[in-house]
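Asker: If it helps, the file is called input_18.tsv and holds TSV, C-alpha atoms (C1' of nucleotides):
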chain	number	residue	atom	x	y	z
A	4	MET	CA	0.00	0.00	0.00
A	5	MET	CA	1.16	3.49	-0.83
A	6	THR	CA	1.42	6.03	1.95
A	7	PRO	CA	0.52	9.71	1.45
A	8	ALA	CA	4.21	10.63	1.72
A	9	THR	CA	5.14	8.08	-0.94
A	10	ALA	CA	2.33	9.36	-3.13
A	11	VAL	CA	3.63	12.93	-2.82
A	12	ASP	CA	7.08	11.72	-3.88
A	13	ALA	CA	5.67	9.83	-6.87
A	14	LEU	CA	3.49	12.78	-7.91
A	15	ALA	CA	6.40	15.20	-7.53
A	16	ALA	CA	8.57	12.97	-9.70
A	17	LEU	CA	5.99	13.13	-12.48
A	18	ALA	CA	5.10	16.79	-11.98
A	19	GLN	CA	7.89	18.13	-14.13
A	20	GLU	CA	7.81	18.46	-17.88
A	21	THR	CA	11.12	16.74	-18.63
A	22	ARG	CA	10.54	13.92	-16.18
A	23	LEU	CA	7.02	13.27	-17.40
A	24	LYS	CA	8.35	13.09	-20.97
A	25	VAL	CA	11.07	10.69	-19.89
A	26	PHE	CA	8.67	8.55	-17.93
A	27	ARG	CA	6.17	8.33	-20.77
A	28	LEU	CA	8.92	7.42	-23.18
A	29	LEU	CA	9.99	4.63	-20.86
A	30	VAL	CA	6.39	3.50	-20.51
A	31	THR	CA	6.06	3.21	-24.26
A	32	ALA	CA	9.45	1.52	-24.46
A	33	GLY	CA	8.09	-1.34	-22.36
A	34	PRO	CA	9.61	-3.49	-19.62
A	35	THR	CA	12.85	-3.90	-21.57
A	36	GLY	CA	13.65	-0.25	-21.02
A	37	LEU	CA	16.02	2.14	-22.73
A	38	ALA	CA	19.61	3.24	-22.21
A	39	ALA	CA	19.98	6.69	-20.71
A	40	GLY	CA	21.71	7.85	-23.88
A	41	ASP	CA	18.81	6.71	-26.05
A	42	VAL	CA	16.38	8.64	-23.87
A	43	GLY	CA	18.54	11.73	-24.15
A	44	ALA	CA	18.88	11.37	-27.90
A	45	GLN	CA	15.15	10.92	-28.46
A	46	LEU	CA	14.19	13.81	-26.24
A	47	GLY	CA	17.13	16.14	-26.82
A	48	ILE	CA	18.18	16.45	-23.21
A	49	PRO	CA	21.84	17.01	-22.16
A	50	ALA	CA	23.32	13.98	-20.44
A	51	ASN	CA	23.88	15.63	-17.08
A	52	THR	CA	20.40	17.14	-16.95
A	53	LEU	CA	18.88	13.83	-17.93
A	54	SER	CA	20.90	12.02	-15.29
A	55	PHE	CA	19.57	14.43	-12.71
A	56	HIS	CA	15.97	13.72	-13.68
A	57	LEU	CA	16.45	9.97	-14.04
A	58	LYS	CA	17.85	9.93	-10.54
A	59	ALA	CA	14.79	11.77	-9.28
A	60	LEU	CA	12.47	9.32	-11.01
A	61	ALA	CA	14.44	6.38	-9.63
A	62	GLN	CA	14.46	7.74	-6.09
A	63	ALA	CA	10.69	8.10	-6.26
A	64	GLY	CA	10.50	4.51	-7.48
A	65	MET	CA	8.92	5.43	-10.80
A	66	VAL	CA	11.73	3.81	-12.79
A	67	THR	CA	14.26	1.06	-12.24
A	68	SER	CA	17.79	0.93	-13.58
A	69	ARG	CA	20.26	-1.79	-14.38
A	70	GLN	CA	23.78	-1.66	-15.69
A	71	GLU	CA	24.31	-3.45	-18.98
A	72	GLY	CA	27.83	-3.17	-20.20
A	73	ARG	CA	28.65	0.48	-20.64
A	74	PHE	CA	24.98	1.38	-20.67
A	75	VAL	CA	22.56	1.98	-17.87
A	76	ILE	CA	19.12	0.79	-18.85
A	77	TYR	CA	16.10	2.50	-17.35
A	78	ALA	CA	12.61	1.06	-17.35
A	79	ALA	CA	9.26	2.31	-16.11
A	80	ASN	CA	8.15	0.76	-12.84
A	81	TYR	CA	4.63	-0.26	-13.75
A	82	ALA	CA	3.89	-1.63	-10.30
A	83	VAL	CA	4.46	1.73	-8.62
A	84	MET	CA	2.51	3.51	-11.35
A	85	ASP	CA	-0.33	1.13	-10.67
A	86	ASP	CA	-0.10	1.69	-6.93
A	87	LEU	CA	-0.19	5.44	-7.44
A	88	ILE	CA	-3.31	5.21	-9.57
A	89	ALA	CA	-4.82	2.90	-7.00
A	90	PHE	CA	-4.02	5.40	-4.25
A	91	LEU	CA	-5.61	8.24	-6.16
A	92	THR	CA	-8.58	6.16	-7.15
A	93	ASP	CA	-9.11	4.77	-3.67
A	94	ASN	CA	-9.78	8.20	-2.38
A	95	CYS	CA	-12.01	9.19	-5.23
A	96	CYS	CA	-15.73	8.83	-4.87
A	97	GLN	CA	-15.46	6.52	-1.85
A	98	GLY	CA	-17.95	4.04	-3.18
A	99	ALA	CA	-20.47	6.79	-3.80
A	100	ALA	CA	-21.05	8.19	-7.25
A	101	CYS	CA	-19.35	11.53	-7.91
A	102	LEU	CA	-20.09	11.99	-11.56
A	103	PRO	CA	-21.69	9.97	-14.34
A	104	GLN	CA	-18.31	9.51	-15.99
A	105	THR	CA	-16.65	8.28	-12.86
A	106	GLN	CA	-19.75	6.48	-11.70
A	107	GLN	CA	-19.63	3.96	-14.52
A	108	VAL	CA	-16.03	3.21	-13.73
A	109	ALA	CA	-14.95	0.88	-10.99
A	110	THR	CA	-11.81	1.90	-9.17
A	111	ILE	CA	-8.71	-0.22	-9.40
A	112	THR	CA	-9.16	-1.21	-5.79
A	113	LYS	CA	-12.71	-2.24	-6.35
A	114	ARG	CA	-11.68	-4.17	-9.39
A	115	ARG	CA	-8.92	-5.84	-7.44
A	116	THR	CA	-11.44	-7.23	-5.02
A	117	ARG	CA	-13.24	-8.87	-7.91
A	118	SER	CA	-11.99	-11.61	-10.14
A	119	LEU	CA	-11.94	-10.76	-13.80
A	120	ALA	CA	-13.55	-13.38	-16.00
B	16	MET	CA	-8.51	15.12	-23.33
B	17	MET	CA	-5.72	16.18	-21.03
B	18	THR	CA	-2.54	17.57	-22.54
B	19	PRO	CA	0.88	16.81	-21.06
B	20	ALA	CA	1.16	20.41	-19.85
B	21	THR	CA	-2.21	20.17	-18.11
B	22	ALA	CA	-1.17	16.87	-16.58
B	23	VAL	CA	2.02	18.43	-15.21
B	24	ASP	CA	-0.06	21.19	-13.63
B	25	ALA	CA	-2.48	18.71	-12.10
B	26	LEU	CA	0.33	16.50	-10.82
B	27	ALA	CA	2.19	19.51	-9.40
B	28	ALA	CA	-0.95	20.62	-7.62
B	29	LEU	CA	-1.20	17.24	-5.88
B	30	ALA	CA	2.53	16.82	-5.31
B	31	GLN	CA	2.60	18.78	-2.08
B	32	GLU	CA	1.76	17.41	1.33
B	33	THR	CA	-0.63	20.15	2.39
B	34	ARG	CA	-2.42	20.30	-0.94
B	35	LEU	CA	-2.79	16.53	-1.15
B	36	LYS	CA	-4.29	16.54	2.35
B	37	VAL	CA	-6.67	19.32	1.38
B	38	PHE	CA	-7.65	17.61	-1.83
B	39	ARG	CA	-8.30	14.28	-0.15
B	40	LEU	CA	-10.40	15.97	2.51
B	41	LEU	CA	-12.45	17.60	-0.21
B	42	VAL	CA	-12.78	14.29	-2.00
B	43	THR	CA	-14.17	12.67	1.14
B	44	ALA	CA	-16.40	15.68	1.73
B	45	GLY	CA	-18.17	14.95	-1.55
B	46	PRO	CA	-19.59	17.18	-4.28
B	47	THR	CA	-21.15	19.53	-1.70
B	48	GLY	CA	-17.71	20.69	-0.69
B	49	LEU	CA	-16.42	22.48	2.38
B	50	ALA	CA	-15.85	26.09	3.37
B	51	ALA	CA	-12.21	27.15	3.37
B	52	GLY	CA	-12.42	27.77	7.09
B	53	ASP	CA	-13.67	24.24	7.76
B	54	VAL	CA	-10.77	22.81	5.78
B	55	GLY	CA	-8.33	24.94	7.75
B	56	ALA	CA	-9.89	23.95	11.05
B	57	GLN	CA	-9.84	20.24	10.28
B	58	LEU	CA	-6.27	20.25	9.04
B	59	GLY	CA	-4.80	22.97	11.26
B	60	ILE	CA	-3.58	25.20	8.46
B	61	PRO	CA	-3.31	29.02	8.83
B	62	ALA	CA	-5.87	30.84	6.70
B	63	ASN	CA	-3.38	32.60	4.46
B	64	THR	CA	-1.34	29.48	3.82
B	65	LEU	CA	-4.48	27.52	3.08
B	66	SER	CA	-5.69	30.20	0.70
B	67	PHE	CA	-2.39	29.98	-1.14
B	68	HIS	CA	-2.76	26.23	-1.60
B	69	LEU	CA	-6.46	26.33	-2.46
B	70	LYS	CA	-5.63	28.85	-5.15
B	71	ALA	CA	-3.00	26.51	-6.54
B	72	LEU	CA	-5.45	23.60	-6.56
B	73	ALA	CA	-8.10	25.75	-8.22
B	74	GLN	CA	-5.71	27.06	-10.87
B	75	ALA	CA	-4.80	23.49	-11.73
B	76	GLY	CA	-8.50	22.69	-11.96
B	77	MET	CA	-8.39	20.12	-9.18
B	78	VAL	CA	-11.01	21.96	-7.13
B	79	THR	CA	-13.86	24.34	-7.83
B	80	SER	CA	-15.01	27.20	-5.64
B	81	ARG	CA	-18.24	29.08	-5.14
B	82	GLN	CA	-19.12	31.95	-2.87
B	83	GLU	CA	-21.90	31.21	-0.42
B	84	GLY	CA	-22.62	34.14	1.83
B	85	ARG	CA	-19.49	34.93	3.76
B	86	PHE	CA	-18.04	31.55	2.97
B	87	VAL	CA	-16.18	30.26	-0.03
B	88	ILE	CA	-17.00	26.64	-0.61
B	89	TYR	CA	-14.41	24.42	-2.23
B	90	ALA	CA	-15.15	21.07	-3.80
B	91	ALA	CA	-13.02	18.42	-5.46
B	92	ASN	CA	-13.27	18.39	-9.24
B	93	TYR	CA	-13.86	14.72	-9.83
B	94	ALA	CA	-13.94	15.11	-13.59
B	95	VAL	CA	-10.39	16.44	-13.71
B	96	MET	CA	-9.22	13.79	-11.26
B	97	ASP	CA	-10.74	11.21	-13.53
B	98	ASP	CA	-9.10	12.76	-16.59
B	99	LEU	CA	-5.74	12.74	-14.87
B	100	ILE	CA	-6.04	9.08	-14.00
B	101	ALA	CA	-7.16	8.38	-17.55
B	102	PHE	CA	-4.13	10.27	-18.87
B	103	LEU	CA	-1.76	8.29	-16.68
B	104	THR	CA	-3.51	5.03	-17.43
B	105	ASP	CA	-3.70	5.68	-21.15
B	106	ASN	CA	0.04	5.72	-21.35
B	107	CYS	CA	0.52	2.73	-19.13
B	108	CYS	CA	0.96	-0.66	-20.72
B	109	GLN	CA	-0.42	0.50	-24.08
B	110	GLY	CA	-2.71	-2.46	-24.47
B	111	ALA	CA	0.10	-4.86	-23.72
B	112	ALA	CA	0.51	-6.51	-20.34
B	113	CYS	CA	3.19	-4.94	-18.17
B	114	LEU	CA	2.77	-6.91	-15.00
B	115	PRO	CA	0.38	-9.56	-13.66
B	116	GLN	CA	-1.11	-7.02	-11.28
B	117	THR	CA	-1.75	-4.49	-13.99
B	118	GLN	CA	-2.58	-7.15	-16.50
B	119	GLN	CA	-5.71	-8.19	-14.70
B	120	VAL	CA	-6.86	-4.60	-14.52
B	121	ALA	CA	-8.47	-2.82	-17.42
B	122	THR	CA	-7.51	0.83	-17.78
B	123	ILE	CA	-10.09	3.53	-17.47
B	124	THR	CA	-9.80	4.20	-21.17
B	125	LYS	CA	-10.33	0.60	-22.00
B	126	ARG	CA	-13.29	0.47	-19.67
B	127	ARG	CA	-14.67	3.61	-21.22
B	128	THR	CA	-14.79	1.92	-24.58
B	129	ARG	CA	-16.91	-0.82	-23.10
B	130	SER	CA	-20.36	-0.64	-21.60
B	131	LEU	CA	-20.56	-1.81	-18.04
B	132	ALA	CA	-23.30	-4.32	-17.40
C	15	DT	C1'	-22.56	52.82	10.24
C	16	DT	C1'	-20.02	49.97	13.22
C	17	DG	C1'	-18.41	45.56	14.34
C	18	DA	C1'	-17.52	40.70	13.64
C	19	DT	C1'	-16.36	36.93	10.76
C	20	DA	C1'	-14.42	34.72	6.47
C	21	DT	C1'	-11.15	34.88	3.04
C	22	DT	C1'	-7.68	36.70	0.21
C	23	DT	C1'	-3.67	39.54	-1.12
C	24	DC	C1'	0.82	41.65	-0.20
C	25	DC	C1'	5.26	40.98	1.19
C	26	DA	C1'	9.82	39.11	2.47
C	27	DG	C1'	12.73	35.59	3.77
C	28	DA	C1'	14.09	30.67	3.53
C	29	DA	C1'	14.25	26.51	1.25
C	30	DA	C1'	14.01	23.49	-2.66
C	31	DC	C1'	14.48	22.76	-7.63
C	32	DA	C1'	16.29	22.97	-12.53
C	33	DT	C1'	20.01	23.76	-15.63
C	34	DG	C1'	24.36	22.92	-17.97
C	35	DG	C1'	29.73	23.33	-18.08
C	36	DA	C1'	33.55	20.85	-16.41
C	37	DA	C1'	35.49	17.09	-14.16
C	38	DT	C1'	35.08	12.29	-12.75
C	39	DC	C1'	33.88	7.39	-12.81
C	40	DA	C1'	32.86	2.93	-15.24
C	41	DT	C1'	33.16	-0.18	-18.98
C	42	DT	C1'	34.88	-1.91	-23.24
C	43	DA	C1'	38.09	-2.07	-27.26
C	44	DT	C1'	42.74	-1.84	-29.16
D	28	DA	C1'	48.19	0.70	-20.61
D	29	DT	C1'	45.75	3.88	-23.53
D	30	DA	C1'	41.90	5.56	-25.72
D	31	DA	C1'	37.02	5.99	-26.48
D	32	DT	C1'	32.34	5.93	-25.07
D	33	DG	C1'	28.44	6.16	-21.74
D	34	DA	C1'	26.89	7.96	-17.55
D	35	DT	C1'	27.18	10.39	-13.25
D	36	DT	C1'	28.73	13.86	-9.92
D	37	DC	C1'	30.31	18.51	-8.66
D	38	DC	C1'	29.38	23.11	-8.68
D	39	DA	C1'	27.47	27.72	-9.46
D	40	DT	C1'	23.61	30.24	-11.02
D	41	DG	C1'	18.94	31.50	-11.63
D	42	DT	C1'	14.19	30.33	-10.72
D	43	DT	C1'	10.34	28.72	-8.31
D	44	DT	C1'	7.93	27.37	-4.19
D	45	DC	C1'	6.46	27.51	0.63
D	46	DT	C1'	5.44	29.95	4.70
D	47	DG	C1'	3.14	33.13	7.82
D	48	DG	C1'	2.68	38.13	9.63
D	49	DA	C1'	0.25	42.15	8.42
D	50	DA	C1'	-3.00	44.54	5.74
D	51	DA	C1'	-6.93	44.56	2.70
D	52	DT	C1'	-11.42	42.90	0.93
D	53	DA	C1'	-16.12	40.85	1.29
D	54	DT	C1'	-20.29	39.60	3.52
D	55	DC	C1'	-23.50	39.66	7.14
D	56	DA	C1'	-25.52	41.24	11.81
D	57	DA	C1'	-26.88	44.74	15.02
Once more with this new file: its structure as structure tokens, please.
Answerer:
Amino acid sequence: MMTPATAVDALAALAQETRLKVFRLLVTAGPTGLAAGDVGAQLGIPANTLSFHLKALAQAGMVTSRQEGRFVIYAANYAVMDDLIAFLTDNCCQGAACLPQTQQVATITKRRTRSLA
Amino acid sequence: MMTPATAVDALAALAQETRLKVFRLLVTAGPTGLAAGDVGAQLGIPANTLSFHLKALAQAGMVTSRQEGRFVIYAANYAVMDDLIAFLTDNCCQGAACLPQTQQVATITKRRTRSLA
DNA sequence: TTGATATTTCCAGAAACATGGAATCATTAT
DNA sequence: ATAATGATTCCATGTTTCTGGAAATATCAA
């Protein structure tokens, strides 16, 4: 379960243009991940600046990293992303209906308590 | 649809301990909302500091406000919350399965394309 | 109008954050 | 060992954010 403090850290990690771009790129890249240099090349970010932001994302748990030869491969941490969404969703609507749009949507938590056929 | 810039604003609004507390309180308070003073009393936040954070939440669209006599009533904006979650979920897993946990969970977008029985 | 209550704005100081040049560290190839 | 490449750290600078005291604004009551 995600604590409020952890949620603030995760939200803060994503609440920055460069980091959100990086994270989304890693999300699209899939579990295999991307080398830091590839991320920088695709987004046009200087290596030191990118390193700074990757570190922030990693410290918040939003990405993982592994050394692979000369490269450091970063990958989105889908589990933490999922936990963050669950945290936000848990506290939305509280079982009651807030809005039609939201009403027809079960929260992740609620869905987790069900089995999907 | 939420743009990346809007998402950054929404995330930044929530990525602060006091504001996340305030927002969650408003979420639990429901669509009726709460007067600024009630929020401050329940969370022990000075009026001017609270006003600063409520303004930030409102500018990011996370809460709405309406004047009611001497009071200003704030309420969570569930629609924007929902959009933010949709934005984050849309870019997670991209139809592919990232993790068992996430795999068994349909994203909001995916659910929106279905009708719920 | 005068007074009380609710909220916001103004302001200044402190702290945290973002950026990129230069130097450093790590790994591989020759 | 030397060189080359990929990535990180160090550092200085500029910017933004957070905080709360004091003053201002808004609404209602007497």
Asker: Do you have the atom C1' of C:DT21-atom CA of B:Phe67 distance handy?
Answerer: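 For atom C1' of C:DT21 relative to atom CA of B:Phe67, the distance reads 10.9 Å.
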Asker: Tell me, in Å to one decimal, how far atom CA of A:Arg73 is from atom C1' of C:DT42.
Answerer: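 About the pair atom CA of A:Arg73 and atom C1' of C:DT42: they are 7.2 Å apart.
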Asker: Write out as CSV the residues of chain B that have any atom within 10 Å of an atom of chain C, one row each with the nearest atom pair and its distance in Å to one decimal, counting only C-alpha atoms (C1' of nucleotides), sorted by chain and then rising number.
Answerer:
residue,atom,partner,partner_atom,distance
B:Ala50,CA,C:DA20,C1',9.3
B:Ala51,CA,C:DT21,C1',7.8
B:Gly52,CA,C:DA20,C1',7.3
B:Ala62,CA,C:DT21,C1',7.6
B:Asn63,CA,C:DT22,C1',7.3
B:Leu65,CA,C:DT21,C1',9.9
B:Ser66,CA,C:DT22,C1',6.8
B:Phe67,CA,C:DT22,C1',8.7
B:Lys70,CA,C:DT22,C1',9.7
B:Gly84,CA,C:DA20,C1',9.4
B:Arg85,CA,C:DA20,C1',5.8
B:Phe86,CA,C:DA20,C1',6.0
B:Val87,CA,C:DT21,C1',7.5
Asker: Report as a Markdown table the residues of chain D within 9 Å of chain B, each with its shortest atom pair and distance in Å (one decimal), using all atoms listed in the file, ordered by chain and increasing residue number.
Answerer:
| residue | atom | partner | partner_atom | distance |
| --- | --- | --- | --- | --- |
| D:DC45 | C1' | B:Thr64 | CA | 8.7 |
| D:DT46 | C1' | B:Thr64 | CA | 6.9 |
| D:DG47 | C1' | B:Thr64 | CA | 7.0 |
| D:DA53 | C1' | B:Arg85 | CA | 7.2 |
| D:DT54 | C1' | B:Arg85 | CA | 4.7 |
| D:DC55 | C1' | B:Arg85 | CA | 7.1 |
Asker: Quote the spacing between atom CA of B:Leu29 and atom CA of B:Val78 in Å to one decimal place.
Answerer: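 We find that atom CA of B:Leu29 and atom CA of B:Val78 lie 11.0 Å from each other.
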Asker: Within 6 Å of chain B, which residues belong to chain A? Use all atoms listed in the file and report them as a PDB file with C-alpha atoms, keeping the file's coordinate frame.
Answerer:
ATOM      1  CA  VAL A  11       3.630  12.930  -2.820  1.00  0.00           C
ATOM      2  CA  LEU A  14       3.490  12.780  -7.910  1.00  0.00           C
ATOM      3  CA  ALA A  15       6.400  15.200  -7.530  1.00  0.00           C
ATOM      4  CA  ALA A  18       5.100  16.790 -11.980  1.00  0.00           C
ATOM      5  CA  GLN A  19       7.890  18.130 -14.130  1.00  0.00           C
TER       6      GLN A  19
END
Asker: Give the padded box for stretch 48-54 of chain D as lines of an AutoDock Vina configuration file: axis-aligned, covering all atoms listed in the file, 5 Å on each side, centre and edge lengths in Å to one decimal.
Answerer:
center_x = -8.8
center_y = 41.3
center_z = 5.3
size_x = 33.0
size_y = 16.4
size_z = 18.7
